[in-house]
Structure formats: structure tokens, C-alpha cells
file run-v4.txt (compact mmCIF, C-alpha atoms (C1' of nucleotides))
# COMPACT_ATOMS: atom_id res chain seq x y z
CA MET M 1 154.19 196.79 65.01
CA ASP M 2 157.31 196.43 62.93
CA HIS M 3 158.72 198.76 60.38
CA LEU M 4 158.07 196.79 57.24
CA GLN M 5 157.33 198.17 53.88
CA THR M 6 154.98 196.79 51.31
CA GLY M 7 155.04 196.78 47.54
CA GLU M 8 153.29 200.08 47.14
CA ASN M 9 155.49 202.74 48.70
CA LEU M 10 153.39 202.63 51.84
CA LEU M 11 155.51 202.80 54.95
CA PHE M 12 154.68 201.08 58.19
CA LEU M 13 156.36 203.00 60.92
CA THR M 14 155.44 202.88 64.57
CA ASP M 15 154.13 206.02 66.20
CA ASP M 16 157.39 206.22 68.14
CA GLN M 17 159.39 206.17 64.96
CA VAL M 18 157.35 208.95 63.43
CA ARG M 19 157.62 210.84 66.68
CA LYS M 20 161.37 210.65 66.37
CA GLY M 21 161.04 212.38 63.01
CA ILE M 22 158.98 215.08 64.68
CA GLU M 23 161.66 215.66 67.28
CA ALA M 24 164.30 215.69 64.58
CA MET M 25 162.46 218.57 62.94
CA PHE M 26 162.23 220.41 66.24
CA PHE M 27 165.89 220.12 67.18
CA ALA M 28 167.16 220.59 63.63
CA TYR M 29 165.21 223.79 63.17
CA ARG M 30 166.87 225.18 66.24
CA GLY M 31 170.28 224.47 64.76
CA PHE M 32 169.12 225.83 61.43
CA THR M 33 168.37 229.26 62.88
CA ALA M 34 171.12 229.34 65.51
CA ASP M 35 173.90 230.94 63.46
CA PRO M 36 171.89 233.84 62.00
CA ASP M 37 170.30 234.40 65.40
CA ARG M 38 173.73 234.73 66.93
CA ILE M 39 174.82 237.22 64.28
CA LEU M 40 171.69 239.32 64.72
CA GLU M 41 171.66 239.41 68.50
CA GLY M 42 173.14 242.67 69.59
CA MET M 43 172.01 244.37 66.41
CA ASP M 44 168.44 245.59 66.74
CA TYR M 45 167.25 242.84 64.43
CA GLY M 46 165.75 239.41 64.76
CA ARG M 47 164.66 236.45 62.75
CA ALA M 48 161.87 238.40 61.09
CA HIS M 49 164.42 240.83 59.66
CA HIS M 50 166.50 237.94 58.40
CA ARG M 51 163.53 236.47 56.57
CA ALA M 52 162.70 239.79 54.94
CA LEU M 53 166.28 240.30 53.80
CA HIS M 54 166.41 236.76 52.46
CA PHE M 55 163.34 237.01 50.29
CA ILE M 56 164.07 240.53 49.06
CA HIS M 57 167.47 239.26 48.02
CA ARG M 58 165.91 236.32 46.28
CA SER M 59 163.40 238.46 44.37
CA PRO M 60 164.69 242.02 43.99
CA GLY M 61 161.91 244.48 43.23
CA THR M 62 159.25 242.36 44.87
CA THR M 63 156.27 244.22 46.30
CA VAL M 64 155.15 244.32 49.90
CA ASN M 65 152.15 242.23 48.96
CA ASN M 66 154.28 239.54 47.38
CA LEU M 67 156.46 239.38 50.42
CA LEU M 68 153.38 239.13 52.60
CA ALA M 69 152.17 236.07 50.75
CA ILE M 70 155.54 234.38 51.01
CA LEU M 71 156.16 235.11 54.67
CA GLY M 72 152.61 234.35 55.73
CA VAL M 73 152.31 237.20 58.21
CA THR M 74 150.09 240.27 58.34
CA LYS M 75 151.10 243.38 56.48
CA GLN M 76 151.26 245.30 59.75
CA SER M 77 153.74 242.83 61.13
CA LEU M 78 155.90 242.95 58.03
CA ASN M 79 155.65 246.71 57.89
CA ARG M 80 157.29 247.13 61.28
CA VAL M 81 160.24 245.08 60.09
CA LEU M 82 160.50 246.86 56.76
CA ARG M 83 160.28 250.26 58.42
CA SER M 84 163.37 249.62 60.53
CA LEU M 85 165.27 248.08 57.62
CA ILE M 86 164.46 251.11 55.46
CA ALA M 87 165.32 253.55 58.25
CA ASP M 88 168.69 251.86 58.68
CA ASP M 89 169.36 251.97 54.94
CA LEU M 90 169.40 248.21 54.41
CA VAL M 91 166.36 248.18 52.15
CA GLU M 92 165.14 250.66 49.58
CA SER M 93 161.45 251.11 48.87
CA ARG M 94 160.64 252.47 45.41
CA VAL M 95 157.16 253.68 44.49
CA GLY M 96 155.75 251.63 41.64
CA HIS M 97 156.04 253.00 38.11
CA SER M 98 152.78 251.74 36.65
CA ASP M 99 150.90 251.30 39.92
CA LYS M 100 151.88 253.95 42.39
CA ARG M 101 150.26 252.11 45.28
CA GLU M 102 152.93 249.45 45.12
CA ARG M 103 156.35 249.69 46.73
CA HIS M 104 159.15 247.74 45.10
CA LEU M 105 161.77 246.51 47.53
CA HIS M 106 165.51 246.29 46.91
CA LEU M 107 168.52 245.65 49.12
CA THR M 108 171.03 248.45 49.41
CA GLU M 109 174.76 247.69 49.40
CA LYS M 110 174.63 247.61 53.16
CA GLY M 111 171.59 245.36 53.17
CA ALA M 112 173.13 243.00 50.68
CA ALA M 113 176.24 242.76 52.85
CA LEU M 114 174.24 241.73 55.91
CA GLU M 115 172.15 239.32 53.92
CA ARG M 116 175.32 237.72 52.59
CA ARG M 117 176.77 237.39 56.04
CA LEU M 118 173.62 235.72 57.34
CA SER M 119 173.11 233.36 54.46
CA ASP M 120 176.78 232.44 54.35
CA ALA M 121 176.52 231.23 57.92
CA GLN M 122 173.33 229.33 57.26
CA ARG M 123 174.62 227.80 54.06
CA ALA M 124 177.80 226.70 55.77
CA ARG M 125 175.79 224.72 58.29
CA LEU M 126 173.59 223.16 55.64
CA ARG M 127 176.59 222.23 53.52
CA ALA M 128 178.23 220.63 56.53
CA ALA M 129 175.07 218.66 57.22
CA TYR M 130 174.86 217.54 53.60
CA ARG M 131 178.46 216.47 53.68
CA ALA M 132 178.01 214.54 56.91
CA ALA M 133 174.85 212.85 55.69
CA GLY M 134 176.29 211.88 52.34
CA PRO M 135 175.21 212.49 48.76
CA GLY M 136 172.26 210.12 48.78
CA ALA M 137 170.65 211.74 51.77
CA VAL M 138 170.23 215.18 50.23
CA GLN M 139 167.60 214.08 47.77
CA GLY M 140 165.57 212.36 50.47
CA PHE M 141 165.82 215.35 52.74
CA ARG M 142 164.40 217.64 50.12
CA LEU M 143 161.67 215.25 49.06
CA VAL M 144 160.28 214.81 52.54
CA LEU M 145 160.40 218.52 53.28
CA GLU M 146 158.56 219.33 50.08
CA ALA M 147 155.89 216.80 50.87
CA MET M 148 155.49 218.30 54.32
CA MET M 149 154.61 221.78 53.05
CA ASP M 150 151.13 223.15 52.66
CA GLU M 151 149.80 223.42 49.14
CA ASP M 152 150.37 227.13 48.79
CA ALA M 153 153.73 227.09 50.54
CA ASN M 154 154.83 224.48 48.06
CA ARG M 155 153.75 226.68 45.21
CA GLN M 156 155.72 229.60 46.61
CA TYR M 157 158.68 227.32 47.09
CA GLN M 158 158.57 225.83 43.61
CA SER M 159 158.23 229.19 41.91
CA LEU M 160 161.82 230.16 42.61
CA LYS M 161 163.10 231.99 39.60
CA GLU M 162 166.47 230.27 39.71
CA ALA M 163 164.96 226.82 39.87
CA ASN M 164 168.00 225.16 38.38
CA ILE M 165 168.04 222.16 40.66
CA MET W 1 179.59 225.88 39.10
CA ASP W 2 178.06 222.49 38.44
CA HIS W 3 176.73 220.04 40.95
CA LEU W 4 179.34 217.36 40.68
CA GLN W 5 180.48 215.11 43.43
CA THR W 6 183.97 213.83 44.01
CA GLY W 7 185.28 210.57 45.45
CA GLU W 8 185.20 211.74 49.03
CA ASN W 9 181.58 212.35 49.91
CA LEU W 10 182.13 216.04 49.42
CA LEU W 11 179.27 217.68 47.63
CA PHE W 12 179.58 220.55 45.22
CA LEU W 13 176.35 222.43 45.23
CA THR W 14 175.87 225.98 44.07
CA ASP W 15 174.87 228.59 46.61
CA ASP W 16 171.46 228.73 44.93
CA GLN W 17 170.98 225.03 45.40
CA VAL W 18 171.84 225.20 49.07
CA ARG W 19 169.59 228.22 49.38
CA LYS W 20 166.75 226.12 48.07
CA GLY W 21 167.38 223.71 50.91
CA ILE W 22 167.18 226.63 53.32
CA GLU W 23 163.84 227.67 51.93
CA ALA W 24 162.62 224.10 52.06
CA MET W 25 163.32 224.11 55.79
CA PHE W 26 161.48 227.38 56.21
CA PHE W 27 158.33 226.38 54.35
CA ALA W 28 158.32 222.82 55.67
CA TYR W 29 158.55 223.95 59.26
CA ARG W 30 155.47 226.05 58.73
CA GLY W 31 153.58 223.04 57.50
CA PHE W 32 155.00 220.99 60.32
CA THR W 33 153.48 223.24 62.98
CA ALA W 34 150.31 224.23 61.10
CA ASP W 35 147.99 221.46 62.28
CA PRO W 36 148.73 221.67 66.02
CA ASP W 37 148.60 225.46 65.78
CA ARG W 38 145.14 225.23 64.29
CA ILE W 39 143.97 222.88 67.04
CA LEU W 40 145.34 225.12 69.78
CA GLU W 41 144.06 228.42 68.47
CA GLY W 42 140.92 229.29 70.36
CA MET W 43 142.07 227.38 73.40
CA ASP W 44 144.27 229.55 75.58
CA TYR W 45 147.34 227.61 74.51
CA GLY W 46 150.06 227.99 71.94
CA ARG W 47 153.07 226.24 70.52
CA ALA W 48 154.91 226.51 73.81
CA HIS W 49 152.20 224.46 75.52
CA HIS W 50 152.35 221.88 72.78
CA ARG W 51 156.08 221.44 73.23
CA ALA W 52 155.72 221.00 76.97
CA LEU W 53 152.97 218.41 76.54
CA HIS W 54 155.01 216.59 73.94
CA PHE W 55 158.12 216.18 76.04
CA ILE W 56 156.25 215.37 79.24
CA HIS W 57 154.47 212.66 77.30
CA ARG W 58 157.74 211.38 75.93
CA SER W 59 159.38 211.24 79.36
CA PRO W 60 156.75 210.90 82.06
CA GLY W 61 158.05 211.93 85.45
CA THR W 62 160.67 214.23 83.98
CA THR W 63 161.73 217.12 86.18
CA VAL W 64 161.36 220.79 85.47
CA ASN W 65 165.11 221.07 85.07
CA ASN W 66 165.21 218.29 82.49
CA LEU W 67 162.47 219.93 80.51
CA LEU W 68 164.31 223.23 80.65
CA ALA W 69 167.40 221.68 79.13
CA ILE W 70 165.43 220.01 76.34
CA LEU W 71 163.33 223.02 75.42
CA GLY W 72 166.18 225.49 75.70
CA VAL W 73 164.15 228.23 77.35
CA THR W 74 164.38 229.97 80.71
CA LYS W 75 162.61 228.61 83.74
CA GLN W 76 160.48 231.73 83.95
CA SER W 77 159.28 231.16 80.44
CA LEU W 78 158.59 227.48 81.01
CA ASN W 79 156.99 228.20 84.35
CA ARG W 80 154.37 230.41 82.79
CA VAL W 81 153.39 227.56 80.51
CA LEU W 82 153.45 224.87 83.20
CA ARG W 83 151.45 227.00 85.58
CA SER W 84 148.54 227.23 83.17
CA LEU W 85 148.75 223.54 82.22
CA ILE W 86 148.69 222.55 85.89
CA ALA W 87 145.89 224.99 86.70
CA ASP W 88 143.83 223.50 83.87
CA ASP W 89 144.50 219.97 85.07
CA LEU W 90 146.42 218.84 82.03
CA VAL W 91 149.68 218.29 83.89
CA GLU W 92 150.34 217.00 87.36
CA SER W 93 153.37 218.07 89.37
CA ARG W 94 154.49 215.56 92.00
CA VAL W 95 157.05 216.34 94.66
CA GLY W 96 160.09 214.07 94.28
CA HIS W 97 160.34 210.96 96.45
CA SER W 98 164.07 210.79 96.99
CA ASP W 99 164.80 214.44 96.31
CA LYS W 100 161.95 216.55 97.53
CA ARG W 101 163.20 219.64 95.74
CA GLU W 102 162.33 218.15 92.39
CA ARG W 103 158.91 218.19 90.78
CA HIS W 104 158.09 215.25 88.57
CA LEU W 105 155.74 216.05 85.73
CA HIS W 106 153.03 213.77 84.42
CA LEU W 107 150.15 214.22 82.02
CA THR W 108 146.68 213.78 83.44
CA GLU W 109 144.05 211.90 81.46
CA LYS W 110 142.90 215.22 80.08
CA GLY W 111 146.46 216.25 79.22
CA ALA W 112 147.18 212.94 77.56
CA ALA W 113 144.05 213.34 75.47
CA LEU W 114 145.10 216.74 74.18
CA GLU W 115 148.65 215.57 73.57
CA ARG W 116 147.30 212.66 71.57
CA ARG W 117 145.11 214.90 69.51
CA LEU W 118 148.03 217.19 68.71
CA SER W 119 150.55 214.51 67.95
CA ASP W 120 148.06 212.51 65.90
CA ALA W 121 147.64 215.48 63.63
CA GLN W 122 151.36 216.08 63.37
CA ARG W 123 152.14 212.42 62.82
CA ALA W 124 149.52 212.18 60.12
CA ARG W 125 151.22 214.93 58.18
CA LEU W 126 154.65 213.40 58.60
CA ARG W 127 153.42 209.97 57.56
CA ALA W 128 151.82 211.49 54.50
CA ALA W 129 155.08 213.20 53.65
CA TYR W 130 157.04 209.98 54.13
CA ARG W 131 154.61 208.14 51.93
CA ALA W 132 154.78 210.78 49.22
CA ALA W 133 158.57 210.91 49.32
CA GLY W 134 159.03 207.17 49.26
CA PRO W 135 160.87 204.72 51.52
CA GLY W 136 164.38 205.71 50.50
CA ALA W 137 163.85 209.35 51.29
CA VAL W 138 163.06 208.87 54.97
CA GLN W 139 166.56 207.79 55.87
CA GLY W 140 168.11 210.76 54.08
CA PHE W 141 165.69 213.15 55.69
CA ARG W 142 166.65 211.99 59.15
CA LEU W 143 170.37 211.93 58.43
CA VAL W 144 170.49 215.52 57.22
CA LEU W 145 168.36 216.77 60.10
CA GLU W 146 170.56 215.04 62.63
CA ALA W 147 173.67 216.53 61.08
CA MET W 148 172.09 219.97 61.21
CA MET W 149 171.57 219.93 64.98
CA ASP W 150 173.86 221.50 67.51
CA GLU W 151 176.04 219.15 69.55
CA ASP W 152 173.90 219.26 72.66
CA ALA W 153 170.60 219.17 70.81
CA ASN W 154 171.81 216.02 69.11
CA ARG W 155 172.62 214.48 72.46
CA GLN W 156 169.14 215.29 73.74
CA TYR W 157 167.68 213.88 70.58
CA GLN W 158 169.69 210.66 70.65
CA SER W 159 168.95 209.97 74.30
CA LEU W 160 165.36 209.02 73.63
CA LYS W 161 164.46 206.18 75.92
CA GLU W 162 162.61 204.30 73.21
CA ALA W 163 165.46 204.57 70.73
CA ASN W 164 164.31 201.60 68.74
CA ILE W 165 164.92 203.01 65.33
C1' DG C 1 176.15 221.76 112.76
C1' DA C 2 176.84 225.72 109.75
C1' DT C 3 177.27 227.04 105.13
C1' DT C 4 176.72 226.66 100.34
C1' DT C 5 174.57 224.84 96.44
C1' DT C 6 170.64 223.12 93.93
C1' DA C 7 165.74 222.92 92.37
C1' DC C 8 161.91 225.31 91.94
C1' DG C 9 158.60 229.16 92.06
C1' DT C 10 157.45 234.02 91.46
C1' DC C 11 157.35 239.10 90.65
C1' DA C 12 158.55 242.84 87.67
C1' DG C 13 159.80 244.61 83.43
C1' DC C 14 161.62 244.43 78.75
C1' DC C 15 161.87 242.90 73.61
C1' DT C 16 160.43 240.65 69.34
C1' DT C 17 157.00 239.41 66.51
C1' DG C 18 152.68 238.07 65.87
C1' DT C 19 147.62 239.98 65.89
C1' DT C 20 143.19 243.45 64.83
C1' DG C 21 141.31 247.90 63.91
C1' DA C 22 141.27 252.27 61.75
C1' DC C 23 143.24 255.33 58.38
C1' DT C 24 145.26 257.34 53.80
C1' DT C 25 146.37 257.14 49.05
C1' DT C 26 145.81 255.24 44.72
C1' DC C 27 143.57 252.70 41.15
C1' DC C 28 139.81 250.97 38.49
C1' DA C 29 135.28 249.93 37.00
C1' DA C 30 130.33 250.89 37.00
C1' DT Q 1 132.82 260.73 38.42
C1' DT Q 2 132.24 258.35 42.16
C1' DG Q 3 132.41 254.37 45.14
C1' DG Q 4 134.71 250.25 46.20
C1' DA Q 5 138.91 247.60 46.34
C1' DA Q 6 143.82 247.35 46.96
C1' DA Q 7 148.43 248.81 48.89
C1' DG Q 8 150.53 250.64 52.50
C1' DT Q 9 150.94 252.98 57.23
C1' DC Q 10 150.05 253.95 62.27
C1' DA Q 11 148.40 252.50 66.93
C1' DA Q 12 147.50 249.37 70.37
C1' DC Q 13 147.44 244.76 72.21
C1' DA Q 14 148.90 239.63 73.16
C1' DA Q 15 152.01 235.61 73.24
C1' DG Q 16 156.13 234.07 74.47
C1' DG Q 17 160.79 234.77 74.62
C1' DC Q 18 164.38 237.27 77.84
C1' DT Q 19 167.04 239.25 82.33
C1' DG Q 20 167.31 240.34 87.18
C1' DA Q 21 166.08 239.77 91.88
C1' DC Q 22 164.21 237.31 95.59
C1' DG Q 23 162.29 233.41 98.58
C1' DT Q 24 162.00 228.64 100.21
C1' DA Q 25 163.04 224.11 100.91
C1' DA Q 26 166.12 220.33 100.50
C1' DA Q 27 170.55 218.45 99.64
C1' DA Q 28 175.40 218.51 99.70
C1' DT Q 29 179.62 220.02 101.54
C1' DC Q 30 182.81 221.59 104.77
call {"tool": "encode", "arguments": {"input": "run-v4.txt", "output": "C-alpha cells"}}
result
Amino acid sequence: MDHLQTGENLLFLTDDQVRKGIEAMFFAYRGFTADPDRILEGMDYGRAHHRALHFIHRSPGTTVNNLLAILGVTKQSLNRVLRSLIADDLVESRVGHSDKRERHLHLTEKGAALERRLSDAQRARLRAAYRAAGPGAVQGFRLVLEAMMDEDANRQYQSLKEANI
Amino acid sequence: MDHLQTGENLLFLTDDQVRKGIEAMFFAYRGFTADPDRILEGMDYGRAHHRALHFIHRSPGTTVNNLLAILGVTKQSLNRVLRSLIADDLVESRVGHSDKRERHLHLTEKGAALERRLSDAQRARLRAAYRAAGPGAVQGFRLVLEAMMDEDANRQYQSLKEANI
DNA sequence: GATTTTACGTCAGCCTTGTTGACTTTCCAA
DNA sequence: TTGGAAAGTCAACAAGGCTGACGTAAAATC
């Protein structure tokens, strides 16, 4: 089987070629998380804490339930992470004004500082990759990733407030 | 800051734009692993078993040490996985011919069948994503991922035997 | 030929991060 | 006004990483 391509944008790729894409995802994801992981090792935090900080930063005031939907884990799992972040004064949990069952989450100064440090490292790697791959590649990268997401993940992803891309 | 682009292939992207790439990786990776995860849940296996099956399939006869280097885990961790795969007759471990210290790993019929089932599902999703993103996007996708890998991961990745891309 | 190194396996114990189950507090609607 | 649903918390367990220590066989080195 050759890698031709017909009029409709239907791609003919061999299984081996697609498999290479699969391995690219595997190895790339390891690089993607390597820098934050390195920063966090030694602190009492891990990747789960990084994710929580990231999405609280992205949507200040978000509720635990919102965060749950985005992260796709159980509330008990998230709670453990939030508890330590709150105890260490990285995250502030404010009881809801209208609905007192809700907790609205915000980063403290300290939390924002760590989040910045983590995302700076991760952004630096992504920028470097973009630069190495060239301007044309960035669009393709994003398109394939978006098409790879589940329906609901894609909705979460698209609903970024600052969707100025 | 605008997203301009100068003569050198240096990209100016806002932090928010790069952050969106970061989130794309996060959500896409979840989709990427979702189908195999679903297949494996219920069996006594997990993502670690899938990875082992994948790379043994890719390089039949590979040694434990090779696999260790590719997967980037400790031998104790890998051993736990291999032990159960061997016990369940999905993987065969053959003592080395020239060097009897080595164990060469092969999939059994049963192991190959499960590997096929898992990779078929994963390939189907990737093909669908490629098709949705269009022919031009695939190249960019791969370029950015490759640039995102660590040095040694990239070497592992590039040293595919069937590197007919 | 003796020693050291390599490849592999295993036991024990720890940590992170997922899970389910059971529980409070709060809200809302019948 | 009361009973169910929703938001959040606590407890206990499992998967899959990790380190450290040890054993065995084979290979390599001196």
C-alpha cells in the first residue's frame, strides 16, 4: 500500500505510518510533561497539582464541579489535590455567594507564582518546537490534535474564554 | 502582542496562544488513550500493558533492557507488567541464543490478537483525525511532535526499523 | 582462572493519583 | 416542610510509578 491521496481529503496511509504517528504522540507527551515534572519533583506535588493550578489560573473563580468536568477525574481525586494546595496557601477556596454549596477557586500570589513558573517552562518547550517545525506546521499540529479529542473534551477546549486565536 | 511572523522562521505567538496548544495536547492525549483504555478495563490490564504489547509488537525479539530504555520506566515496574503478560500467555520470553543472559520477547498468537485489537482502535481514531484535519496538517502535526521530544526520545523514535515514512 | 560487570528477576516498601462508598451541608421543588 | 438532588469532604483501596537490596547466571576483563 502506498501513501497516495485522492481528490476528497481521504488519506491512504499504511498501518505502519499511522503507527509512527501513535509513537510520536507517546514520546512527545513525555517531553511535554518533562519540564514541569522536573520542577515539581522534590516539592510534594505532582502532575495532578499542575493541572489543577493550570485550569484555576485559566478560569479564576471556577467551581470544584467545573474543574471536575474539565479534568475528567472523580471529585474525591481532585479533592485530595485541592486540599493540599489550599493547605499550602497556593489556592483559595471561597464559599459561593448565591449558592453556598459551591466553592469558588482562586490562585493566591504564591499559587500564581508557581503556576507561572510551570507554564513558563512548558511554553518555552512548545515555542521551541513551533520554531523548529516552522510556521506552517503549527496550524496542522493544532488541527490534528483537535480532531483527536473526544466530543466533550473538544467542547471544553473550544470554550476557552480568551479564544483569540 | 500580535501573532506576526518575521523573516527568520521565528514565530510570535502570545502566551495565551501557546497555552491553547498546551491544552490541545492535554485534551488530545486523553482522546488518544481513551479507546485502548476502554478495551482494557475489565481485563486485568492497563495502559502499561498496552505499551509493552505495542513495543514488543513493533520490535519482536527485543530484550528487556531495550524495552526499559524505550518505555523509560524501572525494571521492577516493567517486570510486574511482563510477569502478568507472560503468565497469561500473551508474551513469550526466550533465553538468548548468543547471550544467554538476555530474554527475547515475542507476542504469542493471543498477545498479537490483543495488540491488534488495541492498535486497530487507536489507529482508527488517528486516521479519522488525519482525515478531518486534511492532508497538509499531518506533516505539521508530526513535525511539531518530533520537535517537542527530548533528545533521547527522539532517537528512540527515529530508530524505527520500518522507517519508511 | 579469578574478578568484575552485565542482564535479568524478585522481594519489600513507599508515593502519586486514580477509583468506590459513605457522609454532611445546602438548595430546591413537590 | 420535607425529601431528593447537588456540592463537597473523609476513608479506604488499587494501579502503576519509584528506590533499595539481593540473587543468579553469563559474559567480559584482568
call {"tool": "interface_residues", "arguments": {"input": "run-v4.txt", "of": "chain M", "to": "chain Q", "cutoff": "8 Å", "atoms": "all atoms listed in the file", "output": "CSV table (one decimal) with C-alpha atoms, keeping the file's coordinate frame"}}
result
chain,number,residue,atom,x,y,z
M,65,ASN,CA,152.2,242.2,49.0
M,79,ASN,CA,155.6,246.7,57.9
M,101,ARG,CA,150.3,252.1,45.3
M,102,GLU,CA,152.9,249.4,45.1
call {"tool": "residues_around", "arguments": {"input": "run-v4.txt", "residues": "stretch 17-24 of chain M", "least_positions_apart": "4", "cutoff": "7 Å", "atoms": "only C-alpha atoms (C1' of nucleotides)", "output": "VMD selection string"}}
result
(chain M and resid 13 28) or (chain W and resid 123 142 145 to 146 165)
call {"tool": "closest_atom_pairs", "arguments": {"input": "run-v4.txt", "of": "chain M", "to": "chain W", "cutoff": "8 Å", "atoms": "only C-alpha atoms", "output": "tab-separated table"}}
result
residue	atom	partner	partner_atom	distance
M:Gln5	CA	W:Pro135	CA	7.8
M:Asn9	CA	W:Gly134	CA	5.7
M:Leu10	CA	W:Arg131	CA	5.6
M:Leu11	CA	W:Arg131	CA	6.2
M:Asp15	CA	W:Arg123	CA	7.5
M:Asp16	CA	W:Glu162	CA	7.5
M:Gln17	CA	W:Ile165	CA	6.4
M:Val18	CA	W:Arg123	CA	6.3
M:Arg19	CA	W:Arg123	CA	6.9
M:Gly21	CA	W:Arg142	CA	6.8
M:Ile22	CA	W:Arg123	CA	7.6
M:Glu23	CA	W:Tyr157	CA	7.1
M:Ala24	CA	W:Leu145	CA	6.1
M:Met25	CA	W:Leu145	CA	6.8
M:Phe27	CA	W:Ala153	CA	6.0
M:Ala28	CA	W:Met149	CA	4.7
M:Tyr29	CA	W:Met25	CA	7.6
M:Arg30	CA	W:Met149	CA	7.2
M:Gly31	CA	W:Met149	CA	4.7
M:Phe32	CA	W:Met148	CA	6.6
M:Gln122	CA	W:Ile22	CA	7.8
M:Arg123	CA	W:Val18	CA	6.3
M:Arg125	CA	W:Met148	CA	6.7
M:Leu126	CA	W:Met148	CA	6.6
M:Arg127	CA	W:Val18	CA	7.2
M:Ala128	CA	W:Ala147	CA	7.6
M:Ala129	CA	W:Ala147	CA	4.6
M:Tyr130	CA	W:Val144	CA	6.0
M:Arg131	CA	W:Leu10	CA	5.6
M:Ala132	CA	W:Ala147	CA	6.3
M:Ala133	CA	W:Leu143	CA	5.3
M:Gly134	CA	W:Asn9	CA	5.8
M:Pro135	CA	W:Asn9	CA	6.5
M:Gly136	CA	W:Gly140	CA	6.8
M:Ala137	CA	W:Gly140	CA	3.6
M:Val138	CA	W:Gly140	CA	6.2
M:Gln139	CA	W:Ala137	CA	7.0
M:Gly140	CA	W:Ala137	CA	3.6
M:Phe141	CA	W:Phe141	CA	3.7
M:Arg142	CA	W:Gly21	CA	6.8
M:Leu143	CA	W:Ala133	CA	5.3
M:Val144	CA	W:Ala133	CA	5.3
M:Leu145	CA	W:Ala28	CA	5.3
M:Glu146	CA	W:Ala24	CA	6.6
M:Ala147	CA	W:Ala129	CA	4.6
M:Met148	CA	W:Ala129	CA	5.2
M:Met149	CA	W:Ala28	CA	4.7
M:Asp150	CA	W:Gly31	CA	5.4
M:Ala153	CA	W:Phe27	CA	6.0
M:Asn154	CA	W:Phe27	CA	7.4
M:Tyr157	CA	W:Glu23	CA	7.1
M:Glu162	CA	W:Asp16	CA	7.4
M:Asn164	CA	W:Gln17	CA	7.6
M:Ile165	CA	W:Gln17	CA	6.3
call {"tool": "interface_residues", "arguments": {"input": "run-v4.txt", "of": "chain C", "to": "chain W", "cutoff": "12 Å", "atoms": "all atoms listed in the file", "output": "count of residues only"}}
result
7
call {"tool": "atom_distance", "arguments": {"input": "run-v4.txt", "atom1": "atom C1' of C:DG21", "atom2": "atom CA of M:Thr74"}}
result
12.9 Å
call {"tool": "residues_around", "arguments": {"input": "run-v4.txt", "residues": "W:Leu114", "least_positions_apart": "2", "cutoff": "10 Å", "atoms": "only C-alpha atoms (C1' of nucleotides)", "output": "VMD selection string"}}
result
chain W and resid 39 to 40 50 53 to 54 90 107 to 112 116 to 120
call {"tool": "atom_distance", "arguments": {"input": "run-v4.txt", "atom1": "atom CA of W:Ser77", "atom2": "atom CA of M:Leu78"}}
result
25.5 Å
call {"tool": "residues_around", "arguments": {"input": "run-v4.txt", "residues": "M:Ser84", "least_positions_apart": "6", "cutoff": "10 Å", "atoms": "all atoms listed in the file", "output": "ChimeraX atom specification"}}
result
/M:44-45,49,90-91
call {"tool": "atom_distance", "arguments": {"input": "run-v4.txt", "atom1": "atom CA of W:His104", "atom2": "atom CA of W:Gly61"}}
result
4.6 Å
call {"tool": "axis_aligned_box", "arguments": {"input": "run-v4.txt", "around": "stretch 3-11 of chain Q", "padding_each_side": "6 Å", "output": "AutoDock Vina command-line options"}}
result
--center_x 141.7 --center_y 250.9 --center_z 56.0 --size_x 30.5 --size_y 19.0 --size_z 33.8
